[in-house]
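Chemist: Please find entry22.txt (compact mmCIF, C-alpha atoms and all ligand atoms) on the next line:
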```txt
# COMPACT_ATOMS: atom_id res chain seq x y z
CA MET A 186 0.00 0.00 0.00
CA ALA A 187 1.25 3.38 -1.01
CA LEU A 188 0.33 5.05 2.27
CA GLU A 189 1.76 2.65 4.82
CA GLN A 190 4.45 4.24 6.98
CA LYS A 191 3.75 7.66 5.47
CA GLU A 192 3.73 10.50 7.93
CA ILE A 193 1.02 12.94 6.94
CA ILE A 194 0.27 16.18 8.72
CA LEU A 195 -3.35 17.17 8.35
CA GLY A 196 -3.82 20.83 9.18
CA VAL A 197 -7.41 21.66 10.10
CA THR A 198 -8.48 25.30 10.23
CA GLY A 199 -11.72 26.99 11.28
CA GLY A 200 -14.34 26.37 8.66
CA ILE A 201 -17.48 24.29 8.54
CA ALA A 202 -15.70 21.92 6.13
CA ALA A 203 -13.63 20.79 9.15
CA TYR A 204 -16.15 17.95 9.43
CA LYS A 205 -14.87 16.64 6.07
CA ALA A 206 -11.37 16.47 7.57
CA CYS A 207 -12.72 13.77 9.91
CA THR A 208 -13.52 11.52 6.95
CA LEU A 209 -10.12 12.27 5.43
CA THR A 210 -8.38 11.37 8.69
CA SER A 211 -10.29 8.12 8.86
CA LEU A 212 -9.52 7.18 5.23
CA LEU A 213 -5.82 7.92 5.67
CA ALA A 214 -5.52 6.10 8.98
CA LYS A 215 -7.32 3.04 7.59
CA ALA A 216 -4.90 3.02 4.64
CA GLY A 217 -2.01 2.76 7.09
CA ALA A 218 -0.76 6.34 7.15
CA ALA A 219 0.39 7.99 10.36
CA VAL A 220 -1.91 11.00 10.48
CA HIS A 221 -0.80 13.87 12.70
CA VAL A 222 -3.71 16.26 13.01
CA VAL A 223 -2.76 19.86 13.77
CA MET A 224 -5.70 22.12 14.63
CA THR A 225 -5.95 25.87 14.87
CA ARG A 226 -7.86 27.43 17.75
CA GLU A 227 -10.73 28.28 15.41
CA ALA A 228 -10.93 24.71 14.07
CA LYS A 229 -11.75 23.52 17.57
CA ALA A 230 -14.92 25.61 17.46
CA PHE A 231 -16.17 23.26 14.74
CA VAL A 232 -14.85 19.80 15.67
CA SER A 233 -13.45 18.54 18.94
CA PRO A 234 -9.80 17.39 19.02
CA LEU A 235 -11.06 14.20 20.61
CA THR A 236 -12.79 13.28 17.34
CA PHE A 237 -9.53 13.51 15.42
CA GLN A 238 -7.63 11.71 18.17
CA ALA A 239 -10.08 8.81 18.00
CA LEU A 240 -9.93 8.66 14.20
CA SER A 241 -6.15 8.99 13.87
CA HIS A 242 -5.29 7.00 17.02
CA ARG A 243 -2.78 9.73 17.85
CA PRO A 244 -2.68 12.84 19.98
CA VAL A 245 -3.88 15.99 18.27
CA HIS A 246 -1.57 19.00 18.17
CA ASP A 247 -3.22 22.29 18.94
CA ASP A 248 -0.88 24.11 21.29
CA LEU A 249 2.50 25.41 20.17
CA PHE A 250 3.85 25.38 23.70
CA ALA A 251 2.50 22.03 24.87
CA GLU A 252 5.88 20.37 24.76
CA ALA A 253 5.09 16.85 25.93
CA ASP A 254 8.60 15.51 25.37
CA PRO A 255 11.42 17.67 26.82
CA LYS A 256 13.91 16.07 24.43
CA GLN A 257 12.12 17.51 21.40
CA ILE A 258 10.54 20.67 20.10
CA ALA A 259 7.17 19.43 18.94
CA HIS A 260 6.60 21.57 15.84
CA ILE A 261 10.13 21.01 14.55
CA ASP A 262 9.88 17.29 15.16
CA LEU A 263 6.57 17.13 13.29
CA ALA A 264 7.89 19.32 10.48
CA ASP A 265 10.95 17.10 10.02
CA ARG A 266 9.00 13.86 10.07
CA ALA A 267 6.31 14.88 7.59
CA ASP A 268 6.20 13.28 4.16
CA LEU A 269 3.29 15.52 3.20
CA ILE A 270 1.33 18.38 4.74
CA VAL A 271 -2.31 18.79 3.73
CA ILE A 272 -4.32 21.74 5.00
CA ALA A 273 -7.98 20.86 4.64
CA PRO A 274 -10.01 22.93 5.06
CA ALA A 275 -7.83 25.99 4.45
CA THR A 276 -9.54 29.25 5.35
CA ALA A 277 -8.75 32.63 3.75
CA ASN A 278 -6.99 33.42 7.02
CA ILE A 279 -4.50 30.52 6.96
CA ILE A 280 -3.88 31.16 3.24
CA ALA A 281 -3.03 34.79 4.02
CA LYS A 282 -0.85 33.85 6.97
CA LEU A 283 1.14 31.30 4.99
CA ALA A 284 1.52 33.72 2.07
CA ALA A 285 2.95 36.27 4.49
CA GLY A 286 5.14 33.78 6.37
CA ILE A 287 3.38 34.38 9.69
CA ALA A 288 4.19 31.79 12.34
CA ASP A 289 1.98 32.26 15.39
CA ASP A 290 0.54 28.85 16.17
CA MET A 291 1.27 25.15 15.92
CA LEU A 292 0.13 24.81 12.31
CA THR A 293 1.87 27.85 10.81
CA THR A 294 5.17 27.14 12.61
CA THR A 295 5.09 23.50 11.51
CA VAL A 296 4.42 24.42 7.87
CA LEU A 297 7.19 27.03 7.81
CA ALA A 298 9.67 24.66 9.41
CA SER A 299 8.96 21.78 7.07
CA LYS A 300 10.57 20.78 3.79
CA ALA A 301 7.66 18.48 2.94
CA PRO A 302 5.25 19.27 0.08
CA VAL A 303 2.32 21.39 1.22
CA TRP A 304 -1.18 21.04 -0.23
CA ILE A 305 -3.93 23.53 0.36
CA ALA A 306 -7.64 22.67 0.07
CA PRO A 307 -9.50 25.98 0.41
CA ALA A 308 -13.05 26.17 1.72
CA MET A 309 -14.88 29.44 1.99
CA ASN A 310 -17.64 31.67 0.68
CA VAL A 311 -17.51 32.21 -3.11
CA ASN A 312 -16.97 35.96 -2.79
CA MET A 313 -14.13 35.41 -0.36
CA TYR A 314 -12.54 32.85 -2.68
CA THR A 315 -12.67 35.10 -5.72
CA HIS A 316 -11.49 38.17 -3.77
CA PRO A 317 -8.22 39.41 -5.34
CA ALA A 318 -6.46 39.29 -1.96
CA VAL A 319 -7.19 35.57 -1.58
CA GLN A 320 -6.29 34.85 -5.19
CA GLN A 321 -3.03 36.79 -4.87
CA ASN A 322 -2.16 34.90 -1.72
CA LEU A 323 -2.90 31.59 -3.45
CA ASN A 324 -0.69 32.61 -6.37
CA LYS A 325 2.07 33.34 -3.89
CA LEU A 326 1.67 29.92 -2.29
CA LEU A 327 1.89 28.35 -5.74
CA GLU A 328 5.11 30.25 -6.33
CA TYR A 329 6.42 28.70 -3.11
CA GLY A 330 5.65 25.34 -4.69
CA TYR A 331 2.47 24.57 -2.73
CA ARG A 332 -0.20 22.57 -4.48
CA LEU A 333 -3.72 23.89 -4.65
CA ILE A 334 -6.66 21.51 -4.41
CA GLU A 335 -9.24 23.67 -6.15
CA PRO A 336 -12.57 23.95 -4.37
CA GLY A 337 -15.65 22.76 -6.19
CA GLU A 338 -18.76 24.69 -7.10
CA GLY A 339 -22.17 24.26 -5.59
CA GLN A 340 -24.40 25.15 -2.69
CA LEU A 341 -22.20 26.57 0.06
CA ALA A 342 -22.90 26.32 3.77
CA CYS A 343 -23.27 30.12 3.88
CA GLY A 344 -26.23 29.95 1.49
CA TRP A 345 -24.40 31.24 -1.59
CA VAL A 346 -24.01 29.09 -4.66
CA GLY A 347 -20.59 29.09 -6.34
CA LYS A 348 -16.97 28.13 -5.99
CA GLY A 349 -15.68 27.56 -2.49
CA ARG A 350 -16.78 24.09 -1.47
CA MET A 351 -13.84 22.06 -0.24
CA GLU A 352 -12.94 19.13 -2.44
CA GLU A 353 -14.52 15.92 -1.14
CA PRO A 354 -12.34 13.94 1.32
CA GLU A 355 -12.49 10.84 -0.91
CA ALA A 356 -11.03 12.83 -3.83
CA ILE A 357 -8.28 14.32 -1.64
CA PHE A 358 -7.52 10.85 -0.34
CA GLN A 359 -7.11 9.60 -3.93
CA MET A 360 -4.76 12.47 -4.73
CA ILE A 361 -2.66 11.62 -1.70
CA GLU A 362 -2.60 7.96 -2.67
CA ALA A 363 -1.58 8.86 -6.24
CA HIS A 364 1.13 11.15 -4.86
CA PHE A 365 2.73 8.29 -2.98
CA SER A 366 2.25 5.68 -5.65
CA SER A 367 5.05 5.23 -8.16
CA LYS A 368 2.86 6.52 -10.97
CA ARG A 369 2.68 9.93 -9.33
CA ALA A 370 3.69 13.00 -11.28
CA HIS A 371 3.98 10.88 -14.37
CA ASP A 372 0.36 10.71 -15.38
CA PHE A 373 1.45 11.67 -18.92
CA ALA A 374 4.11 8.96 -19.16
CA GLY A 375 4.05 7.45 -22.65
CA ARG A 376 1.95 10.33 -24.01
CA ARG A 377 3.20 12.43 -26.91
CA ILE A 378 1.96 15.99 -26.74
CA LEU A 379 2.52 18.74 -29.26
CA VAL A 380 2.26 22.33 -28.03
CA THR A 381 2.47 25.47 -30.15
CA ALA A 382 3.31 28.82 -28.62
CA GLY A 383 4.08 32.45 -29.31
CA PRO A 384 3.21 34.62 -32.28
CA THR A 385 4.02 34.07 -35.91
CA VAL A 386 5.97 36.67 -37.86
CA GLU A 387 5.01 37.45 -41.45
CA LYS A 388 7.67 39.29 -43.44
CA ILE A 389 6.92 42.34 -45.59
CA ASP A 390 10.54 42.94 -46.57
CA PRO A 391 13.93 42.19 -44.93
CA VAL A 392 13.31 44.73 -42.14
CA ARG A 393 9.55 44.87 -41.64
CA TYR A 394 7.01 42.32 -40.54
CA ILE A 395 3.50 41.76 -39.24
CA THR A 396 3.09 40.02 -35.91
CA ASN A 397 0.97 40.11 -32.74
CA ARG A 398 1.39 40.58 -29.01
CA SER A 399 1.65 36.93 -27.96
CA SER A 400 4.54 36.47 -25.50
CA GLY A 401 4.58 32.66 -25.60
CA LYS A 402 4.35 32.43 -21.78
CA MET A 403 1.12 30.42 -21.75
CA GLY A 404 2.31 27.84 -24.29
CA TYR A 405 5.74 27.47 -22.67
CA ALA A 406 4.07 26.92 -19.28
CA ILE A 407 1.89 24.18 -20.78
CA ALA A 408 4.87 22.50 -22.47
CA GLU A 409 6.81 22.61 -19.21
CA ALA A 410 3.91 21.28 -17.12
CA ALA A 411 3.22 18.42 -19.55
CA ALA A 412 6.92 17.47 -19.66
CA ALA A 413 7.11 17.52 -15.85
CA ARG A 414 4.23 15.03 -15.83
CA GLY A 415 6.19 12.64 -18.00
CA ALA A 416 4.95 13.49 -21.52
CA HIS A 417 7.16 13.47 -24.60
CA VAL A 418 6.63 17.12 -25.51
CA THR A 419 7.29 18.83 -28.81
CA LEU A 420 7.12 22.60 -28.51
CA ILE A 421 6.75 24.47 -31.79
CA SER A 422 7.27 28.13 -31.15
CA GLY A 423 7.19 31.41 -32.98
CA PRO A 424 9.78 34.02 -31.96
CA THR A 425 9.62 34.86 -28.23
CA ALA A 426 11.96 36.33 -25.63
CA LEU A 427 11.73 33.17 -23.50
CA GLN A 428 14.25 30.43 -22.75
CA PRO A 429 13.07 27.15 -24.33
CA PRO A 430 11.85 24.86 -21.53
CA ASN A 431 13.20 21.40 -20.92
CA VAL A 432 11.18 19.41 -23.48
CA ALA A 433 11.95 16.47 -25.77
CA GLU A 434 11.87 18.54 -28.96
CA PHE A 435 11.90 22.29 -29.51
CA VAL A 436 11.21 23.64 -32.99
CA ALA A 437 11.63 27.34 -33.71
CA VAL A 438 9.53 28.72 -36.55
CA GLU A 439 8.72 32.18 -37.81
CA THR A 440 5.79 32.18 -40.20
CA ALA A 441 2.36 30.56 -40.07
CA GLU A 442 3.30 28.42 -43.06
CA GLU A 443 6.43 27.16 -41.27
CA MET A 444 4.31 26.41 -38.22
CA TYR A 445 1.76 24.65 -40.41
CA ARG A 446 4.46 22.37 -41.87
CA ALA A 447 6.12 21.68 -38.50
CA VAL A 448 2.78 20.78 -36.88
CA THR A 449 1.23 18.72 -39.69
CA GLU A 450 4.45 16.69 -40.19
CA ARG A 451 4.26 15.53 -36.57
CA TYR A 452 0.50 15.27 -36.20
CA ASP A 453 0.18 11.53 -36.86
CA ASP A 454 2.70 10.72 -34.11
CA VAL A 455 1.08 12.58 -31.22
CA ASP A 456 -1.77 11.86 -28.81
CA ALA A 457 -2.74 15.48 -28.22
CA VAL A 458 -2.19 18.95 -29.59
CA VAL A 459 -2.49 22.10 -27.50
CA LYS A 460 -2.59 25.00 -29.90
CA THR A 461 -1.67 28.03 -27.85
CA ALA A 462 0.10 29.93 -30.64
CA ALA A 463 -1.38 33.18 -31.90
CA VAL A 464 -1.12 32.44 -35.58
CA SER A 465 -1.27 35.35 -37.97
CA ASP A 466 -4.42 34.95 -40.07
CA TYR A 467 -2.87 36.82 -43.02
CA ARG A 468 0.52 37.32 -44.63
CA PRO A 469 1.71 39.79 -47.26
CA ALA A 470 0.95 38.47 -50.75
CA VAL A 471 4.47 39.38 -51.83
CA VAL A 472 7.60 39.51 -49.67
CA SER A 473 9.99 42.05 -51.10
CA ALA A 474 13.57 40.81 -51.37
CA GLN A 475 14.82 44.36 -50.84
CA LYS A 476 13.86 46.98 -48.30
CA ILE A 477 10.87 48.89 -49.64
CA LYS A 478 11.81 52.57 -50.00
CA LYS A 479 9.56 55.27 -48.73
CA ALA A 480 7.60 57.33 -51.21
CA GLN A 481 5.26 60.29 -51.03
CA ALA A 482 2.18 58.27 -52.01
CA ASP A 483 0.06 56.11 -49.69
CA TRP A 484 1.18 52.52 -49.34
CA SER A 485 -1.05 49.52 -48.92
CA ILE A 486 -0.05 45.93 -48.51
CA ASP A 487 -2.03 43.12 -50.07
CA LEU A 488 -2.59 40.31 -47.58
CA VAL A 489 -3.53 36.75 -48.36
CA PRO A 490 -4.98 34.27 -45.83
CA ASN A 491 -2.71 31.86 -44.02
CA PRO A 492 -3.76 28.25 -43.56
CA ASP A 493 -5.80 27.69 -40.40
CA ILE A 494 -3.61 25.05 -38.79
CA LEU A 495 -6.04 24.01 -36.10
CA GLU A 496 -8.96 23.76 -38.49
CA GLU A 497 -6.88 21.43 -40.66
CA LEU A 498 -5.99 19.29 -37.60
CA GLY A 499 -9.68 19.17 -36.68
CA ARG A 500 -10.57 17.96 -40.17
CA ARG A 501 -7.93 15.22 -40.07
CA LYS A 502 -8.65 14.28 -36.46
CA THR A 503 -8.65 10.61 -35.58
CA LYS A 504 -8.29 9.43 -32.00
CA LYS A 505 -6.52 12.46 -30.61
CA ILE A 506 -7.25 15.25 -28.18
CA LEU A 507 -7.30 18.73 -29.67
CA ILE A 508 -7.22 21.77 -27.42
CA GLY A 509 -7.44 25.24 -28.94
CA PHE A 510 -7.28 28.76 -27.61
CA ALA A 511 -9.59 31.64 -28.38
CA ALA A 512 -8.24 35.13 -27.95
CA GLU A 513 -11.23 37.45 -27.92
CA THR A 514 -12.01 41.03 -27.07
CA GLU A 515 -15.83 40.70 -27.09
CA ASN A 516 -18.62 38.07 -27.22
CA ILE A 517 -16.16 35.59 -25.72
CA ASP A 518 -18.69 32.89 -24.95
CA GLN A 519 -20.28 32.91 -28.38
CA TYR A 520 -16.99 33.06 -30.34
CA ALA A 521 -15.31 30.40 -28.21
CA ARG A 522 -18.16 27.92 -28.71
CA LYS A 523 -18.16 28.65 -32.44
CA LYS A 524 -14.43 27.92 -32.73
CA LEU A 525 -14.76 24.77 -30.61
CA HIS A 526 -17.23 23.30 -33.10
CA ALA A 527 -15.83 24.80 -36.31
CA LYS A 528 -12.35 23.39 -35.56
CA ASN A 529 -13.65 20.06 -34.17
CA LEU A 530 -11.93 20.50 -30.78
CA ASP A 531 -12.34 18.63 -27.50
CA MET A 532 -11.79 21.77 -25.48
CA ILE A 533 -11.13 25.45 -26.04
CA VAL A 534 -9.49 27.85 -23.62
CA ALA A 535 -10.98 31.31 -24.02
CA ASN A 536 -9.50 34.49 -22.69
CA ASN A 537 -10.31 38.15 -22.88
CA VAL A 538 -7.23 39.76 -24.39
CA ALA A 539 -8.71 43.24 -24.03
CA ARG A 540 -8.01 43.20 -20.28
CA ALA A 541 -4.69 44.88 -19.46
CA ASP A 542 -4.07 42.97 -16.21
CA ILE A 543 -4.11 39.54 -17.82
CA GLY A 544 -3.51 37.96 -21.22
CA PHE A 545 -0.71 39.00 -23.57
CA GLY A 546 2.64 39.49 -21.89
CA SER A 547 1.21 39.15 -18.37
CA ASP A 548 2.21 36.38 -15.96
CA ASN A 549 -1.44 35.96 -15.08
CA ASN A 550 -4.45 34.88 -17.03
CA GLN A 551 -8.16 34.45 -16.53
CA VAL A 552 -9.61 31.81 -18.76
CA THR A 553 -12.75 29.77 -19.28
CA PHE A 554 -12.73 26.19 -20.53
CA TYR A 555 -15.44 25.07 -22.98
CA PHE A 556 -15.93 21.39 -23.73
CA ARG A 557 -17.48 19.51 -26.61
CA ASP A 558 -20.30 18.20 -24.38
CA GLY A 559 -21.38 21.75 -23.54
CA ARG A 560 -19.66 21.94 -20.16
CA VAL A 561 -18.19 25.33 -19.24
CA LYS A 562 -15.58 25.86 -16.53
CA PRO A 563 -14.58 29.44 -15.67
CA LEU A 564 -11.37 29.84 -13.67
CA ALA A 565 -10.34 32.71 -11.41
CA VAL A 566 -7.41 35.03 -12.24
CA MET A 567 -4.29 32.94 -11.65
CA SER A 568 -0.71 32.57 -12.80
CA LYS A 569 -0.15 31.12 -16.27
CA LYS A 570 1.72 28.24 -14.62
CA ARG A 571 -1.41 27.43 -12.65
CA VAL A 572 -3.59 27.70 -15.75
CA ALA A 573 -1.14 25.32 -17.45
CA ASP A 574 -1.59 22.81 -14.64
CA GLU A 575 -5.37 23.10 -14.89
CA ILE A 576 -5.19 22.51 -18.65
CA CYS A 577 -3.02 19.41 -18.06
CA ASN A 578 -5.56 18.15 -15.48
CA GLU A 579 -8.34 18.51 -18.05
CA LEU A 580 -6.20 16.87 -20.71
CA ASN A 581 -5.63 13.97 -18.36
CA ARG A 582 -9.39 13.65 -17.83
CA LEU A 583 -9.96 13.72 -21.59
CA PHE A 584 -7.35 10.97 -22.04
CA ALA A 585 -8.94 8.93 -19.25
CA SER A 586 -12.46 9.30 -20.62
CA GLY A 587 -11.28 7.99 -23.97
CA ASP A 588 -12.45 11.17 -25.68
CA GLY A 589 -10.86 12.49 -28.79
CA ALA A 590 -12.53 10.11 -31.22
N1 LIG B 601 -5.21 29.00 -35.24
C1 LIG B 601 -4.47 28.24 -36.12
N2 LIG B 601 -4.16 28.74 -37.36
C2 LIG B 601 -4.59 29.95 -37.72
C3 LIG B 601 -5.34 30.75 -36.83
C4 LIG B 601 -5.64 30.23 -35.58
O1 LIG B 601 -4.08 27.13 -35.76
N3 LIG B 601 -4.27 30.41 -38.92
C5 LIG B 601 -5.54 28.45 -33.92
C6 LIG B 601 -4.90 29.15 -32.74
O2 LIG B 601 -3.66 28.56 -32.42
C7 LIG B 601 -5.93 28.98 -31.64
C8 LIG B 601 -7.25 28.90 -32.39
O3 LIG B 601 -6.93 28.56 -33.74
O4 LIG B 601 -5.77 27.77 -30.95
C9 LIG B 601 -8.07 30.16 -32.38
O5 LIG B 601 -7.29 31.25 -32.77
P1 LIG B 601 -7.87 32.73 -32.77
O6 LIG B 601 -6.83 33.67 -33.28
O7 LIG B 601 -8.54 33.02 -31.46
O8 LIG B 601 -9.07 32.60 -33.80
P2 LIG B 601 -9.19 32.55 -35.36
O9 LIG B 601 -9.62 31.18 -35.73
O10 LIG B 601 -7.97 33.08 -36.03
O11 LIG B 601 -10.45 33.50 -35.60
P3 LIG B 601 -10.55 35.11 -35.42
O12 LIG B 601 -9.19 35.65 -35.73
O13 LIG B 601 -11.59 35.48 -36.40
O14 LIG B 601 -10.97 35.35 -33.99
```
The structure in this file should be written as structure tokens.

Modeler:
Amino acid sequence: MALEQKEIILGVTGGIAAYKACTLTSLLAKAGAAVHVVMTREAKAFVSPLTFQALSHRPVHDDLFAEADPKQIAHIDLADRADLIVIAPATANIIAKLAAGIADDMLTTTVLASKAPVWIAPAMNVNMYTHPAVQQNLNKLLEYGYRLIEPGEGQLACGWVGKGRMEEPEAIFQMIEAHFSSKRAHDFAGRRILVTAGPTVEKIDPVRYITNRSSGKMGYAIAEAAAARGAHVTLISGPTALQPPNVAEFVAVETAEEMYRAVTERYDDVDAVVKTAAVSDYRPAVVSAQKIKKAQADWSIDLVPNPDILEELGRRKTKKILIGFAAETENIDQYARKKLHAKNLDMIVANNVARADIGFGSDNNQVTFYFRDGRVKPLAVMSKKRVADEICNELNRLFASGDGA
């Protein structure tokens, strides 16, 4: 069993979802894990420490200065022993404290002192969860390398309906089990994934060109995330200012036609394509071999359409997963759905590129996923790395469900 002998710290903070932590404790203990429950003062207002003690068969830690063993410092001992720290439920308060590095109780001191992976399962009111302060703090925790267990949507205990319901204990248990099983982190092992990124550049003459504002950050983050999960990744990129990530194959292209050739040549050999690139829809009809000299008269450039790479992939699609992007400035929902069907995609990631705080060039993004079956999943503003992880999670689900026919 993957969990036997594993030392897991379960941090419980003060939210109504604390009752779900009881089930999680029980599942982990039954699977053979040593569960060390650490409660905040507020958590004890919801569930008694005795409940966790009975379920984990161990003493519960709730007092930083209750040093039972004079030979040890309890929070350091716990921190050193931990194989994994899971905070479930995580309130907005603990998220803020951890983001700020505050250490004022047993749980925060243990987390700060530990080198173990830390997972956060938020549970709160939908408006609290989407508040920029909470989202910024979560982004900070992700930068520290913490893993976020996204809350689900639904009827919340406070009466609101929306995102903020802590992930079910059974699902968290499965994640923990997967983490400790040898397959962990390599859920894309054996998969071949092609990612395109960045803009294309369409020459007018040797010194001038037409391009767009794509930075490549989103596509590079996806390529990196997929490679980290064990996929054989080919990244086909237009010109960007970024360092190529550590992937199996990196192909630099400039024009849409070069990208078209690079992608279609490899299409038969891959299991999935994530088409993040912002491909120029048009190119100059004629590329001048010499620099075009200025003249007094007006100048217009004739443009001819470029091939739509993704549409072509959609037409030729066999058993593969196709994920597209839709960069829109208006009618996002309508245009995204249209592209999803017109290009025969399994999923499209739509974003509003008119917003200055996200999208092109930014490290953050706010996207909505649309699926072939009509499902829609809006995400909060988050780092592009986090969006990349979410896209990989969806891709994994699409692989598992045998979609892509
Ligand atoms: N795409 C492509 N080849 C093109 C144009 C777009 O492969 N010549 C892909 C992009 O990589 C993206 C998706 O199609 O995954 C949608 O791109 P977008 O620019 O949003 O839409 P277009 O189809 O170009 O439509 P429009 O410009 O009218 O919004």

Chemist: Quick one: everything within 7 Å of range 427-432 of chain A, counting all atoms listed in the file, minus sequence neighbours fewer than 3 positions away in the same chain. Send it as a PyMOL selection string.

Modeler: chain A and resi 405+409+412+418-419+435

Chemist: Would you name the residues within 7 Å of ligand LIG 601 (chain B), counting all atoms listed in the file, and put them as a list in words?

Modeler: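 For ligand LIG 601 (chain B), the residues inside 7 Å are Ala441, Lys460, Thr461, Ala462, Ala463, Val464, Ser465, Asp466, Asn491, Pro492, Asp493, Ile494, Leu495, Glu496, Gly509, Phe510, Ala511, Ala512, Glu513 and Lys524 of chain A.
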
Chemist: Hey, what's within 9 Å of Gly499 in chain A if we count only C-alpha atoms and toss same-chain stuff fewer than 3 positions away? As a PyMOL selection string, please?

Modeler: chain A and resi 494-496+502-503+507+527-530

Chemist: Suppose you want the space between CA of Thr425 in chain A and CA of Asn397 in chain A; what is it in Å?

Modeler: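 One can read the CA of Thr425 in chain A to CA of Asn397 in chain A distance as 11.1 Å.
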
Chemist: Would you mind telling me which residue in A:Gln551, A:Asn581, A:Ser422, A:Thr295 lies nearest to Ser400 in chain A when using only C-alpha atoms?

Modeler: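 Using only C-alpha atoms, Ser400 in chain A sits closest to A:Ser422.
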
Chemist: I'd like the interatomic distance between CA of Asp487 in chain A and CA of Thr514 in chain A, to a tenth of an Å.

Modeler: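 Rounded to one decimal, the two atoms are 25.2 Å apart.
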
Chemist: Using only C-alpha atoms, can you tell me which of A:Val538, A:Ala306, A:Ala318, A:Met224 comes closest to Ala275 in chain A?

Modeler: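 For Ala275 in chain A, the nearest of the candidates is A:Ala306.
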
Chemist: Between CA of Ala406 in chain A and CA of Cys577 in chain A, what distance in Å does the model show, to one decimal?

Modeler: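 Answer for the CA of Ala406 in chain A to CA of Cys577 in chain A separation: 10.4 Å.
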
Chemist: Find the spatial neighbours of range 276-281 of chain A, counting all atoms listed in the file, within a cut-off of 10 Å - ignore same-chain residues fewer than 6 positions away - and output them as a list in words.

Modeler: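 Once the nearby chain positions are removed, what remains is Gly196, Val197, Thr198, Gly199, Gly200, Ile201, Ala202, Thr225, Ala228, Ile287, Leu292, Thr293, Ile305, Ala306, Pro307, Ala308, Met309, Asn310, Met313, Tyr314, His316, Ala318, Val319, Gln320, Gln321, Asn322, Leu323, Lys325 and Leu326 of chain A.
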
Chemist: What's around Asn312 in chain A at 12 Å? Count only C-alpha atoms, leave out sequence neighbours fewer than 5 positions away in its own chain, and write the answer as a PDB file with C-alpha atoms, in the coordinates of the input.

Modeler:
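Heads up, here's the output in part_8.pdb:
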```pdb
ATOM      1  CA  ALA A 277      -8.750  32.630   3.750  1.00  0.00           C
ATOM      2  CA  PRO A 317      -8.220  39.410  -5.340  1.00  0.00           C
ATOM      3  CA  ALA A 318      -6.460  39.290  -1.960  1.00  0.00           C
ATOM      4  CA  VAL A 319      -7.190  35.570  -1.580  1.00  0.00           C
ATOM      5  CA  GLN A 320      -6.290  34.850  -5.190  1.00  0.00           C
ATOM      6  CA  LEU A 341     -22.200  26.570   0.060  1.00  0.00           C
ATOM      7  CA  CYS A 343     -23.270  30.120   3.880  1.00  0.00           C
ATOM      8  CA  GLY A 344     -26.230  29.950   1.490  1.00  0.00           C
ATOM      9  CA  TRP A 345     -24.400  31.240  -1.590  1.00  0.00           C
ATOM     10  CA  VAL A 346     -24.010  29.090  -4.660  1.00  0.00           C
ATOM     11  CA  GLY A 347     -20.590  29.090  -6.340  1.00  0.00           C
ATOM     12  CA  LYS A 348     -16.970  28.130  -5.990  1.00  0.00           C
ATOM     13  CA  GLY A 349     -15.680  27.560  -2.490  1.00  0.00           C
ATOM     14  CA  ARG A 350     -16.780  24.090  -1.470  1.00  0.00           C
ATOM     15  CA  ALA A 565     -10.340  32.710 -11.410  1.00  0.00           C
TER      16      ALA A 565
END
```

Chemist: Nearest to Glu387 in chain A: which of A:Val245, A:Ala267, A:Val472, A:Ala298 is it, counting only C-alpha atoms?

Modeler: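 That would be A:Val472, the residue with the smallest distance to Glu387 in chain A.
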
Chemist: Within 9 Å of (-9.6, 17.5, -0.1) in the file's own coordinates, which protein, DNA or RNA residues have an atom, counting only C-alpha atoms? List them as a list in words.

Modeler: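 The answer, in the requested form, is Lys205, Ala206, Leu209, Val271, Ile272, Ala273, Pro274, Ile305, Ala306, Pro307, Ile334, Glu335, Pro336, Met351, Glu352, Glu353, Pro354, Glu355, Ala356, Ile357, Phe358 and Met360 of chain A.
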
Chemist: Could you check which of A:Ile506, A:Ile517, A:Ala264, A:Met403 is closest to Asn549 in chain A, using all atoms listed in the file?

Modeler: A:Met403

Chemist: List the neighbours of Thr294 in chain A out to 9 Å using all atoms listed in the file; skip same-chain residues closer than 4 positions along the sequence, and give me the result as a VMD selection string.

Modeler: chain A and resid 249 260 to 261 264 287 to 290 298 to 299

Chemist: Which residue gives the smallest distance to Gly423 in chain A among A:Ala382, A:Val572, A:Ile395, A:Ala410, with only C-alpha atoms counted?

Modeler: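 Selected residue with least distance to Gly423 in chain A: A:Ala382.
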
Chemist: Just need the box for range 426-445 of chain A, edges along x, y and z, holding every atom the file lists for it with 3 Å tacked onto each side, so centre and edge lengths in Å to one decimal, as AutoDock Vina command-line options.

Modeler:
```
--center_x 8.0 --center_y 26.4 --center_z -32.0 --size_x 18.5 --size_y 25.9 --size_z 28.1
```
